[in-house]
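Listing of query-v4.tsv, TSV, C-alpha atoms
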```
chain	number	residue	atom	x	y	z
A	6	MET	CA	-52.35	139.89	81.34
A	7	THR	CA	-51.45	136.52	82.78
A	8	ASP	CA	-48.45	134.51	81.68
A	9	LYS	CA	-50.83	132.05	80.06
A	10	GLN	CA	-52.59	134.76	78.07
A	11	LEU	CA	-49.27	136.09	76.90
A	12	ARG	CA	-48.07	132.62	75.97
A	13	ASP	CA	-51.27	131.94	74.02
A	14	ALA	CA	-50.91	135.21	72.13
A	15	LEU	CA	-47.30	134.44	71.29
A	16	ILE	CA	-48.20	130.93	70.15
A	17	GLU	CA	-50.92	132.44	67.96
A	18	ALA	CA	-48.30	134.77	66.49
A	19	GLN	CA	-46.01	131.82	65.84
A	20	ASP	CA	-48.80	129.91	64.14
A	21	TYR	CA	-49.47	132.92	61.97
A	22	MET	CA	-45.76	133.11	61.06
A	23	LEU	CA	-45.76	129.42	60.18
A	24	SER	CA	-48.91	129.87	58.07
A	25	GLN	CA	-47.13	132.63	56.17
A	26	PHE	CA	-44.07	130.48	55.57
A	27	PRO	CA	-43.80	129.73	51.83
A	28	LYS	CA	-45.48	126.47	50.95
A	29	ILE	CA	-43.13	125.42	48.22
A	30	GLU	CA	-41.25	122.19	47.64
A	31	TRP	CA	-37.72	122.97	48.64
A	32	HIS	CA	-34.86	120.56	48.77
A	33	TYR	CA	-31.22	121.45	49.04
A	34	ASP	CA	-28.38	118.96	48.76
A	35	PHE	CA	-26.26	119.90	51.74
A	36	SER	CA	-22.52	119.45	51.33
A	37	PRO	CA	-20.60	116.52	52.90
A	38	LYS	CA	-19.04	119.07	55.29
A	39	PHE	CA	-22.52	119.96	56.53
A	40	HIS	CA	-23.46	116.32	57.02
A	41	LYS	CA	-20.22	115.72	58.92
A	42	LYS	CA	-21.00	118.63	61.22
A	43	MET	CA	-24.53	117.33	61.82
A	44	LYS	CA	-23.15	113.91	62.65
A	45	GLU	CA	-20.85	115.52	65.19
A	46	LEU	CA	-23.77	117.37	66.72
A	47	ILE	CA	-25.73	114.14	67.09
A	48	GLU	CA	-22.69	112.42	68.59
A	49	MET	CA	-22.34	115.31	71.01
A	50	ASN	CA	-25.82	114.51	72.29
A	51	ARG	CA	-25.09	110.82	72.49
A	52	HIS	CA	-21.86	111.08	74.48
A	53	PRO	CA	-21.67	114.62	75.85
A	54	ILE	CA	-19.06	113.77	78.50
A	55	TRP	CA	-16.89	111.78	76.09
A	56	PHE	CA	-17.22	114.59	73.56
A	57	ARG	CA	-16.08	117.21	76.04
A	58	LEU	CA	-13.26	114.96	77.24
A	59	ARG	CA	-12.12	114.50	73.65
A	60	ARG	CA	-12.04	118.25	73.21
A	61	VAL	CA	-10.00	118.70	76.41
A	62	VAL	CA	-7.54	116.03	75.28
A	63	ALA	CA	-7.26	117.66	71.84
A	64	VAL	CA	-6.54	121.04	73.44
A	65	LEU	CA	-3.95	119.47	75.75
A	66	PHE	CA	-2.25	117.81	72.80
A	67	ALA	CA	-2.26	121.09	70.90
A	68	VAL	CA	-0.70	122.93	73.86
A	69	LEU	CA	1.92	120.21	74.34
A	70	GLY	CA	2.63	120.14	70.60
A	71	ILE	CA	3.12	123.89	70.44
A	72	SER	CA	5.33	123.90	73.56
A	73	TRP	CA	7.41	121.06	72.19
A	74	ALA	CA	7.75	122.77	68.80
A	75	LEU	CA	8.88	125.99	70.49
A	76	LEU	CA	11.39	124.13	72.63
A	77	PHE	CA	12.61	122.13	69.64
A	78	GLY	CA	12.85	125.24	67.51
A	79	PHE	CA	14.68	127.49	69.94
A	80	ASN	CA	16.71	125.19	72.18
A	81	GLU	CA	19.74	123.73	70.43
A	82	ARG	CA	20.46	121.19	73.16
A	83	VAL	CA	16.95	119.79	73.10
A	84	ARG	CA	17.10	119.60	69.32
A	85	ALA	CA	20.41	117.70	69.42
A	86	ASP	CA	19.10	115.28	72.07
A	87	VAL	CA	15.91	114.60	70.11
A	88	ILE	CA	17.77	114.00	66.86
A	89	ARG	CA	20.21	111.67	68.63
A	90	TRP	CA	17.35	109.74	70.21
A	91	LEU	CA	15.53	109.45	66.90
A	92	THR	CA	18.69	108.27	65.16
A	93	GLU	CA	19.21	105.65	67.85
A	94	GLN	CA	15.64	104.44	67.45
A	95	LEU	CA	15.82	104.22	63.70
A	96	THR	CA	19.33	102.89	63.37
A	97	ALA	CA	20.47	100.92	66.34
A	98	ASN	CA	23.46	99.46	64.48
A	99	GLU	CA	26.27	101.54	63.16
A	100	TYR	CA	29.78	100.90	61.99
A	101	LYS	CA	32.18	103.76	62.43
A	102	TYR	CA	35.14	103.86	60.05
A	103	GLN	CA	38.15	105.80	61.14
A	104	ASN	CA	41.32	106.19	59.15
A	105	GLU	CA	43.78	106.47	62.03
A	106	SER	CA	46.89	106.46	59.86
A	107	GLY	CA	45.48	109.27	57.73
A	108	SER	CA	46.94	107.67	54.61
A	109	ASN	CA	45.17	108.17	51.34
A	110	PHE	CA	45.51	104.80	49.69
A	111	ASP	CA	44.41	104.91	46.05
A	112	ILE	CA	42.34	101.81	45.45
A	113	SER	CA	40.74	102.72	42.16
A	114	MET	CA	42.99	100.41	40.19
A	115	TYR	CA	42.31	97.39	42.38
A	116	THR	CA	39.96	94.48	41.82
A	117	ILE	CA	38.04	93.43	44.88
A	118	VAL	CA	37.13	89.87	44.18
A	119	ASP	CA	38.32	87.21	41.77
A	120	GLU	CA	35.68	84.65	42.31
A	121	VAL	CA	32.02	85.13	43.24
A	122	PRO	CA	29.52	82.40	44.16
A	123	GLU	CA	28.06	80.49	41.23
A	124	GLY	CA	25.21	82.16	39.39
A	125	TYR	CA	26.23	85.76	40.08
A	126	GLN	CA	27.12	88.07	37.19
A	127	LEU	CA	28.83	91.46	37.46
A	128	LEU	CA	26.18	94.11	37.00
A	129	LYS	CA	28.08	97.30	37.71
A	130	ARG	CA	31.46	98.48	38.91
A	131	SER	CA	32.15	102.03	39.99
A	132	GLU	CA	35.34	103.50	41.31
A	133	ASP	CA	37.25	106.60	42.22
A	134	GLU	CA	40.48	107.04	44.17
A	135	ASN	CA	38.75	106.40	47.50
A	136	HIS	CA	35.92	104.04	46.66
A	137	VAL	CA	35.36	100.92	44.66
A	138	SER	CA	32.06	99.10	44.46
A	139	GLU	CA	31.08	96.01	42.52
A	140	VAL	CA	27.50	94.87	42.24
A	141	PHE	CA	26.66	91.30	41.17
A	142	ARG	CA	23.23	89.85	40.50
A	143	ASP	CA	21.92	86.32	40.21
A	144	ALA	CA	19.11	84.96	38.00
A	145	ASN	CA	16.55	85.71	40.74
A	146	GLY	CA	17.56	89.38	40.88
A	147	LYS	CA	19.29	89.03	44.26
A	148	GLN	CA	22.28	91.32	44.57
A	149	LEU	CA	25.71	90.81	46.09
A	150	ILE	CA	27.51	94.09	46.76
A	151	PHE	CA	31.19	94.58	47.49
A	152	TYR	CA	32.24	97.99	48.74
A	153	VAL	CA	35.79	99.09	49.52
A	154	MET	CA	36.83	102.49	50.82
A	155	SER	CA	40.29	103.77	51.63
A	156	SER	CA	39.57	107.06	53.38
A	157	THR	CA	37.45	110.11	53.33
A	158	LYS	CA	38.44	113.72	53.61
A	159	GLU	CA	36.87	113.85	57.08
A	160	ASN	CA	38.60	110.61	58.02
A	161	GLU	CA	35.34	109.37	59.41
A	162	PHE	CA	32.51	107.41	57.89
A	163	TYR	CA	29.44	105.82	59.43
A	164	LEU	CA	27.52	102.91	58.04
A	165	MET	CA	24.00	102.71	59.46
A	166	PHE	CA	22.07	99.48	59.52
A	167	ASP	CA	18.53	98.48	60.18
A	168	LYS	CA	18.03	98.06	63.92
A	169	ASN	CA	16.54	94.63	63.32
A	170	LEU	CA	19.93	93.30	62.25
A	171	LYS	CA	21.76	91.33	64.92
A	172	SER	CA	25.43	92.21	65.21
A	173	GLU	CA	28.31	89.89	66.05
A	174	GLN	CA	32.10	90.27	66.01
A	175	ILE	CA	34.13	87.67	64.13
A	176	ASN	CA	37.71	87.24	62.91
A	177	ILE	CA	38.56	87.64	59.23
A	178	ASN	CA	42.17	86.82	58.38
A	179	GLY	CA	43.36	88.09	61.74
A	180	VAL	CA	41.29	91.28	61.98
A	181	ILE	CA	38.04	91.92	63.81
A	182	ALA	CA	35.00	92.20	61.56
A	183	ASP	CA	31.42	93.14	62.37
A	184	LEU	CA	28.78	90.82	61.02
A	185	TYR	CA	25.17	92.04	60.79
A	186	LEU	CA	22.64	89.26	60.34
A	187	SER	CA	19.02	89.72	59.45
A	188	GLU	CA	16.32	87.64	61.08
A	189	ASN	CA	14.34	87.93	57.89
A	190	TYR	CA	15.50	85.61	55.14
A	191	ASP	CA	14.51	88.16	52.48
A	192	ASP	CA	16.91	90.81	53.80
A	193	ASN	CA	20.61	91.34	53.22
A	194	ASN	CA	23.27	90.19	55.64
A	195	ILE	CA	26.29	92.47	55.91
A	196	ILE	CA	29.91	92.11	56.98
A	197	VAL	CA	32.29	95.04	57.53
A	198	TRP	CA	35.94	95.19	58.57
A	199	GLN	CA	39.06	97.32	58.22
A	200	GLY	CA	42.09	95.66	56.60
A	201	THR	CA	45.64	96.80	55.99
A	202	ASN	CA	46.25	100.48	55.18
A	203	ASP	CA	42.96	101.21	56.98
A	204	VAL	CA	41.01	100.10	53.97
A	205	LEU	CA	37.38	99.39	54.75
A	206	PHE	CA	35.72	96.33	53.25
A	207	SER	CA	32.07	95.49	53.23
A	208	ILE	CA	29.97	92.79	51.62
A	209	ALA	CA	26.18	92.77	51.54
A	210	GLY	CA	24.27	89.86	50.13
A	211	PHE	CA	21.54	87.25	50.49
A	212	MET	CA	23.87	84.69	52.06
A	213	ASN	CA	23.95	82.91	55.36
A	214	ARG	CA	26.56	83.56	58.04
A	215	GLU	CA	29.01	80.86	56.94
A	216	GLU	CA	28.81	81.73	53.24
A	217	LEU	CA	29.42	85.39	53.99
A	218	ILE	CA	32.43	84.68	56.23
A	219	GLU	CA	33.88	82.29	53.66
A	220	LEU	CA	33.52	84.93	50.96
A	221	ALA	CA	35.02	87.64	53.17
A	222	GLU	CA	38.09	85.51	53.88
A	223	LYS	CA	38.79	85.22	50.14
A	224	ILE	CA	38.77	88.95	49.52
A	225	GLU	CA	41.99	90.79	48.85
A	226	LEU	CA	42.83	93.77	46.76
A	227	LYS	CA	44.65	92.82	43.62
A	228	PRO	CA	46.17	95.34	41.32
B	10	MET	CA	-28.88	104.37	87.99
B	11	LEU	CA	-27.95	108.00	87.44
B	12	ILE	CA	-25.68	106.98	84.58
B	13	LEU	CA	-28.50	104.91	83.07
B	14	LEU	CA	-30.94	107.82	83.29
B	15	SER	CA	-28.39	110.12	81.76
B	16	THR	CA	-27.84	107.65	78.92
B	17	ILE	CA	-31.57	107.43	78.23
B	18	ASP	CA	-31.80	111.20	78.34
B	19	ASN	CA	-28.94	111.56	75.87
B	20	GLU	CA	-30.42	108.93	73.60
B	21	ILE	CA	-33.71	110.86	73.45
B	22	ASP	CA	-31.88	114.12	72.74
B	23	ARG	CA	-29.85	112.41	70.03
B	24	GLU	CA	-32.98	111.03	68.37
B	25	ASN	CA	-34.70	114.41	68.64
B	26	MET	CA	-31.72	116.14	67.08
B	27	GLU	CA	-31.68	113.61	64.24
B	28	ARG	CA	-35.38	114.16	63.61
B	29	ILE	CA	-35.11	117.94	63.71
B	30	ILE	CA	-32.34	117.82	61.09
B	31	LYS	CA	-34.40	115.48	58.95
B	32	LEU	CA	-37.67	117.38	59.33
B	33	TYR	CA	-36.57	121.00	59.15
B	34	ALA	CA	-33.17	121.33	57.45
B	35	ASP	CA	-34.76	122.12	54.09
B	36	GLU	CA	-37.24	124.61	55.52
B	37	MET	CA	-34.49	126.25	57.53
B	38	HIS	CA	-32.42	126.46	54.38
B	39	LEU	CA	-35.30	128.06	52.52
B	40	GLN	CA	-35.71	130.62	55.29
B	41	ALA	CA	-32.00	131.41	55.15
B	42	VAL	CA	-32.01	131.64	51.35
B	43	MET	CA	-34.87	134.14	51.53
B	44	ILE	CA	-32.59	136.39	53.56
B	45	LEU	CA	-29.19	135.69	52.08
B	46	HIS	CA	-30.03	134.86	48.45
B	47	ASP	CA	-27.14	132.41	48.39
B	48	ASN	CA	-27.26	128.65	48.85
B	49	GLU	CA	-23.81	128.30	50.40
B	50	ASP	CA	-24.31	131.12	52.91
B	51	ALA	CA	-27.73	129.68	53.71
B	52	GLN	CA	-26.12	126.31	54.41
B	53	ASP	CA	-23.72	127.99	56.84
B	54	ALA	CA	-26.69	129.66	58.53
B	55	VAL	CA	-28.49	126.32	58.89
B	56	GLN	CA	-25.34	124.79	60.35
B	57	ASN	CA	-25.03	127.60	62.91
B	58	ALA	CA	-28.72	127.32	63.72
B	59	MET	CA	-28.42	123.58	64.25
B	60	VAL	CA	-25.58	124.17	66.71
B	61	ASN	CA	-27.86	126.57	68.57
B	62	ILE	CA	-30.73	124.03	68.57
B	63	CYS	CA	-28.40	121.32	69.79
B	64	LYS	CA	-27.41	123.45	72.78
B	65	HIS	CA	-31.02	123.95	73.82
B	66	ILE	CA	-32.58	120.71	72.69
B	67	LYS	CA	-33.74	119.86	76.20
B	68	HIS	CA	-36.02	122.91	76.21
B	69	LEU	CA	-37.79	121.99	73.01
B	70	GLN	CA	-40.95	119.99	72.73
B	71	LYS	CA	-41.12	116.88	70.56
B	72	PRO	CA	-39.63	117.42	67.10
B	73	THR	CA	-42.98	117.32	65.28
B	74	SER	CA	-44.46	120.08	67.45
B	75	PRO	CA	-45.21	123.38	65.64
B	76	ARG	CA	-43.31	125.11	68.47
B	77	THR	CA	-40.15	123.16	67.60
B	78	ARG	CA	-40.68	123.86	63.92
B	79	CYS	CA	-41.04	127.55	64.67
B	80	TYR	CA	-37.93	127.49	66.87
B	81	ALA	CA	-35.94	125.83	64.10
B	82	ILE	CA	-37.08	128.30	61.46
B	83	GLU	CA	-36.46	131.25	63.77
B	84	ALA	CA	-33.02	129.89	64.64
B	85	ALA	CA	-32.23	129.70	60.92
B	86	LYS	CA	-33.57	133.19	60.42
B	87	ASN	CA	-31.43	134.58	63.25
B	88	ALA	CA	-28.34	132.80	61.98
B	89	ALA	CA	-29.01	134.08	58.47
B	90	ILE	CA	-29.52	137.62	59.76
B	91	ASP	CA	-26.17	137.40	61.60
B	92	ILE	CA	-24.45	136.38	58.38
B	93	TYR	CA	-26.39	139.01	56.43
B	94	ARG	CA	-25.33	141.75	58.85
B	95	ARG	CA	-21.69	140.68	58.72
B	96	LYS	CA	-21.83	140.78	54.94
B	97	LYS	CA	-23.69	144.07	54.92
B	98	ARG	CA	-20.96	145.65	57.04
B	99	LYS	CA	-18.39	144.32	54.61
B	100	TRP	CA	-20.32	145.53	51.57
B	101	GLU	CA	-20.81	148.95	53.12
B	102	LYS	CA	-17.06	149.28	53.50
B	103	GLU	CA	-16.51	148.52	49.85
B	104	ILE	CA	-19.50	150.08	48.09
B	105	PRO	CA	-22.36	152.24	49.40
B	106	PHE	CA	-25.10	149.91	50.46
B	107	ASP	CA	-28.30	150.67	48.57
B	108	GLU	CA	-31.85	149.67	49.29
B	109	ALA	CA	-31.52	146.21	47.82
B	110	PHE	CA	-31.72	144.54	51.22
B	111	PRO	CA	-33.53	146.80	53.69
B	112	ASP	CA	-33.67	145.34	57.19
B	113	GLU	CA	-37.47	145.56	57.31
B	114	ASP	CA	-37.71	142.96	54.57
B	115	LEU	CA	-36.25	140.45	56.96
B	116	MET	CA	-39.14	140.76	59.40
B	117	PRO	CA	-42.54	139.12	58.89
B	118	ARG	CA	-45.59	141.35	58.66
B	119	TYR	CA	-49.04	140.84	60.08
B	120	ASP	CA	-52.01	141.83	57.93
B	121	GLY	CA	-54.82	140.53	60.12
B	122	GLU	CA	-57.32	142.20	62.41
B	123	ASN	CA	-56.02	141.01	65.79
B	124	GLU	CA	-54.51	144.01	67.57
B	125	THR	CA	-52.46	141.90	69.97
B	126	LEU	CA	-50.89	139.99	67.11
B	127	ARG	CA	-50.25	143.25	65.31
B	128	GLN	CA	-48.48	144.56	68.41
B	129	ILE	CA	-46.45	141.36	68.68
B	130	PHE	CA	-45.33	141.68	65.07
B	131	GLU	CA	-44.50	145.34	65.54
B	132	LEU	CA	-42.19	144.61	68.44
B	133	PRO	CA	-38.49	144.89	67.64
B	134	LYS	CA	-37.22	141.47	66.67
B	135	ARG	CA	-35.07	141.11	69.75
B	136	ASP	CA	-37.95	141.95	72.11
B	137	LYS	CA	-40.16	139.46	70.32
B	138	ASP	CA	-37.46	136.79	70.51
B	139	ILE	CA	-37.08	137.37	74.24
B	140	LEU	CA	-40.81	136.97	74.81
B	141	MET	CA	-40.92	133.83	72.70
B	142	LEU	CA	-37.95	132.29	74.48
B	143	LYS	CA	-39.32	133.21	77.89
B	144	TYR	CA	-43.00	132.40	77.57
B	145	VAL	CA	-43.24	129.83	74.78
B	146	TYR	CA	-40.05	127.85	75.40
B	147	GLY	CA	-39.63	128.53	79.12
B	148	PHE	CA	-36.03	129.75	79.15
B	149	GLU	CA	-34.80	131.72	82.16
B	150	TYR	CA	-33.60	135.29	81.60
B	151	GLY	CA	-30.04	134.20	82.39
B	152	GLN	CA	-30.15	131.64	79.56
B	153	ILE	CA	-31.77	134.12	77.18
B	154	ALA	CA	-29.09	136.67	78.00
B	155	ARG	CA	-26.36	134.16	77.10
B	156	MET	CA	-28.15	133.23	73.87
B	157	LEU	CA	-28.49	136.83	72.77
B	158	ASP	CA	-25.13	137.91	74.14
B	159	ILE	CA	-26.58	140.61	76.40
B	160	SER	CA	-26.65	141.03	80.18
B	161	LYS	CA	-29.29	139.29	82.24
B	162	GLU	CA	-30.55	142.66	83.44
B	163	ALA	CA	-30.91	143.92	79.87
B	164	ALA	CA	-32.76	140.77	78.83
B	165	LYS	CA	-35.11	141.13	81.79
B	166	LYS	CA	-35.71	144.81	81.12
B	167	MET	CA	-36.37	144.25	77.42
B	168	GLY	CA	-38.71	141.35	78.19
B	169	GLN	CA	-40.65	143.38	80.73
B	170	ARG	CA	-40.87	146.41	78.44
B	171	ALA	CA	-42.17	144.29	75.57
B	172	ARG	CA	-44.71	142.66	77.85
B	173	ASP	CA	-45.92	146.02	79.16
B	174	LYS	CA	-46.36	147.24	75.61
B	175	LEU	CA	-48.43	144.21	74.71
B	176	GLU	CA	-50.56	144.48	77.84
B	177	LYS	CA	-51.27	148.09	77.02
B	178	SER	CA	-52.39	147.21	73.51
B	179	MET	CA	-54.56	144.38	74.78
B	180	LYS	CA	-56.28	146.76	77.20
B	181	MET	CA	-56.89	149.17	74.37
B	182	GLU	CA	-58.38	146.37	72.33
B	183	ASP	CA	-60.59	145.16	75.15
B	184	PRO	CA	-61.23	147.94	77.75
B	185	SER	CA	-63.64	145.66	79.65
B	186	SER	CA	-60.75	143.42	80.67
B	187	ASP	CA	-60.06	145.78	83.63
```
Do you think you could lay out the structure here as structure tokens?
Amino acid sequence: MTDKQLRDALIEAQDYMLSQFPKIEWHYDFSPKFHKKMKELIEMNRHPIWFRLRRVVAVLFAVLGISWALLFGFNERVRADVIRWLTEQLTANEYKYQNESGSNFDISMYTIVDEVPEGYQLLKRSEDENHVSEVFRDANGKQLIFYVMSSTKENEFYLMFDKNLKSEQININGVIADLYLSENYDDNNIIVWQGTNDVLFSIAGFMNREELIELAEKIELKP
Amino acid sequence: MLILLSTIDNEIDRENMERIIKLYADEMHLQAVMILHDNEDAQDAVQNAMVNICKHIKHLQKPTSPRTRCYAIEAAKNAAIDIYRRKKRKWEKEIPFDEAFPDEDLMPRYDGENETLRQIFELPKRDKDILMLKYVYGFEYGQIARMLDISKEAAKKMGQRARDKLEKSMKMEDPSSD
């Protein structure tokens, strides 16, 4: 039997099989998952090298991801470094409050501000022995927030600001204050300083630099 | 130039693959349903079969050829049988497997007069597949071995044994051929 004879016989067998295949109308609505897989197969034929490269890159990423997760999970130092780096990226500006005298100055009975810019109404005041906050709002819904803190149990407190805020040091009634200015007109500007008895003052509002400084200079705690 | 040729080649393969899916997906599904009796499982079988076709698309003739149609249907059948066997093993673990799905039902039968065809249809499925892949589609034994997950030597031996058996039957049918 030659190869050709064998091939012919096999082809005849195939034709017989095809003739026996049911001649019925059959249509099946394949699922979207199936169609997606078929699309991938066609793409694989269109760009076989790119497809393989993509797979290699995906595997590399998976290996790197797993290695990084293991390192992050089991190595405390790496974890601390990563968290510090992320914090720096997200919050470039920070104001660290430290109550060096350790005094616990009760400010709950004090009023922060006598006079606010025209158009602002007091919306809410909250207080306890260490904190007082007063929130004002104007007719456009823009808020002006005063926050005063005397100390915390830990004697330390961090205020984090958006990294897009530009910081600048200025003088408020003889003490150094940090001014954080937004480049975006729609964002708050913030000023923070520590006054007598290590009391921390901060004002956040939709005001320009000069207005904010002027307001800060007027602030004093009044019983 | 090589890149250009490769691009043309890939474009043809892509078009062929698209046409095979369009032309035969339903028939392949029907073939798989006949074995698995379940639309979802049959869809999985078609998907696996398409992956197989995609790997060997260069060996196939044009999509409309009966040989390609047969390859596609056989690929679906093989994929369905794989799924069927996996399920059968699982069923057998849970409940005794009865005669609801005897293996013979999965194989086509030949009722004609041609002794050679009868012998071809009586070959074990794997032997028949090897002969088809070797002599109809022109695969090398090494490729066939990879496709069937057996050694090259085993594929060669099975192919040769099946061929010998056919030759013997053809001689019996036509003694004058000596």
Determine, for each residue of chain B having at least one atom at most 6 Å from an atom of chain A, the closest pair of atoms and their separation in Å to one decimal, counting all atoms listed in the file; order by chain and ascending number, as CSV.
```
residue,atom,partner,partner_atom,distance
B:Asn19,CA,A:Arg51,CA,5.2
B:Glu20,CA,A:Arg51,CA,5.8
B:Arg23,CA,A:Asn50,CA,5.1
B:Asp35,CA,A:His32,CA,5.5
B:Leu126,CA,A:Ala18,CA,5.9
B:Tyr144,CA,A:Arg12,CA,5.3
B:Val145,CA,A:Arg12,CA,5.7
```
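Atom pair CA of Tyr150 in chain B / CA of Ala164 in chain B has a distance of 6.2 Å (rounded to one decimal).
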Please write out, as AutoDock Vina command-line options, where the centre of an axis-aligned box around all listed atoms of range 27-42 of chain B lies and how long its edges are, in Å to one decimal, after adding 6 Å on each side.
```
--center_x -34.7 --center_y 122.6 --center_z 57.8 --size_x 18.0 --size_y 30.0 --size_z 24.9
```
Go ahead and compute the interatomic distance for CA of Arg76 in chain B and CA of Tyr146 in chain B, in Å to one decimal.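 Spanning CA of Arg76 in chain B to CA of Tyr146 in chain B is a straight-line distance of 8.1 Å.
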Need to verify the contact set: Ile208 in chain A, 10 Å, only C-alpha atoms, exclusion of same-chain residues closer than 5 positions in sequence. Can you return it as a list of chain:residue names?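 Skipping anything fewer than 5 positions along the chain leaves A:Ser138, A:Glu139, A:Val140, A:Leu149, A:Ile150, A:Phe151, A:Tyr152, A:Val153, A:Leu184, A:Asn193, A:Asn194, A:Ile195, A:Ile196, A:Val197, A:Trp198, A:Leu217, A:Ile218, A:Leu220, A:Ala221, A:Ile224.
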Can those selected residues be exported to a file as a tab-separated table (two decimals), in the coordinates of the input so that it contains C-alpha atoms?
```tsv
chain	number	residue	atom	x	y	z
A	138	SER	CA	32.06	99.10	44.46
A	139	GLU	CA	31.08	96.01	42.52
A	140	VAL	CA	27.50	94.87	42.24
A	149	LEU	CA	25.71	90.81	46.09
A	150	ILE	CA	27.51	94.09	46.76
A	151	PHE	CA	31.19	94.58	47.49
A	152	TYR	CA	32.24	97.99	48.74
A	153	VAL	CA	35.79	99.09	49.52
A	184	LEU	CA	28.78	90.82	61.02
A	193	ASN	CA	20.61	91.34	53.22
A	194	ASN	CA	23.27	90.19	55.64
A	195	ILE	CA	26.29	92.47	55.91
A	196	ILE	CA	29.91	92.11	56.98
A	197	VAL	CA	32.29	95.04	57.53
A	198	TRP	CA	35.94	95.19	58.57
A	217	LEU	CA	29.42	85.39	53.99
A	218	ILE	CA	32.43	84.68	56.23
A	220	LEU	CA	33.52	84.93	50.96
A	221	ALA	CA	35.02	87.64	53.17
A	224	ILE	CA	38.77	88.95	49.52
```
Find the residues around range 90-95 of chain B up to 8 Å (all atoms listed in the file counted), leave out those fewer than 6 positions away in its own chain, and share them as a list in words. Ile44, Leu45, Asp50, Ala54 and Leu115 of chain B
Generate the output file for the selected residues, C-alpha atoms, as a CSV table (one decimal), in the coordinates of the input.
```
chain,number,residue,atom,x,y,z
B,44,ILE,CA,-32.6,136.4,53.6
B,45,LEU,CA,-29.2,135.7,52.1
B,50,ASP,CA,-24.3,131.1,52.9
B,54,ALA,CA,-26.7,129.7,58.5
B,115,LEU,CA,-36.2,140.4,57.0
```
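Of the listed residues B:Arg127, B:Glu36, B:Lys99, B:Asp120, the one whose atoms come nearest to Ile82 in chain B is B:Glu36, with distances taken using only C-alpha atoms.
Separating CA of Leu32 in chain B from CA of Ala88 in chain B is a distance of 18.2 Å.
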Of the candidates B:Met141, B:Met43, B:Ala89, B:Ile30, which shows the shortest atom-to-atom distance to Pro72 in chain B, using only C-alpha atoms?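 Once distances to Pro72 in chain B are computed over only C-alpha atoms, the minimum belongs to B:Ile30.
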Neighbours of Ile66 in chain B within 10 Å (only C-alpha atoms; same-chain residues fewer than 4 positions away dropped), as a list in words?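 What passes the distance filter is Asn50 of chain A; Ile21, Asp22, Arg23, Asn25, Met26, Ile29, Met59, Val60, Asn61, Ile62, Gln70, Lys71, Pro72 and Thr77 of chain B.
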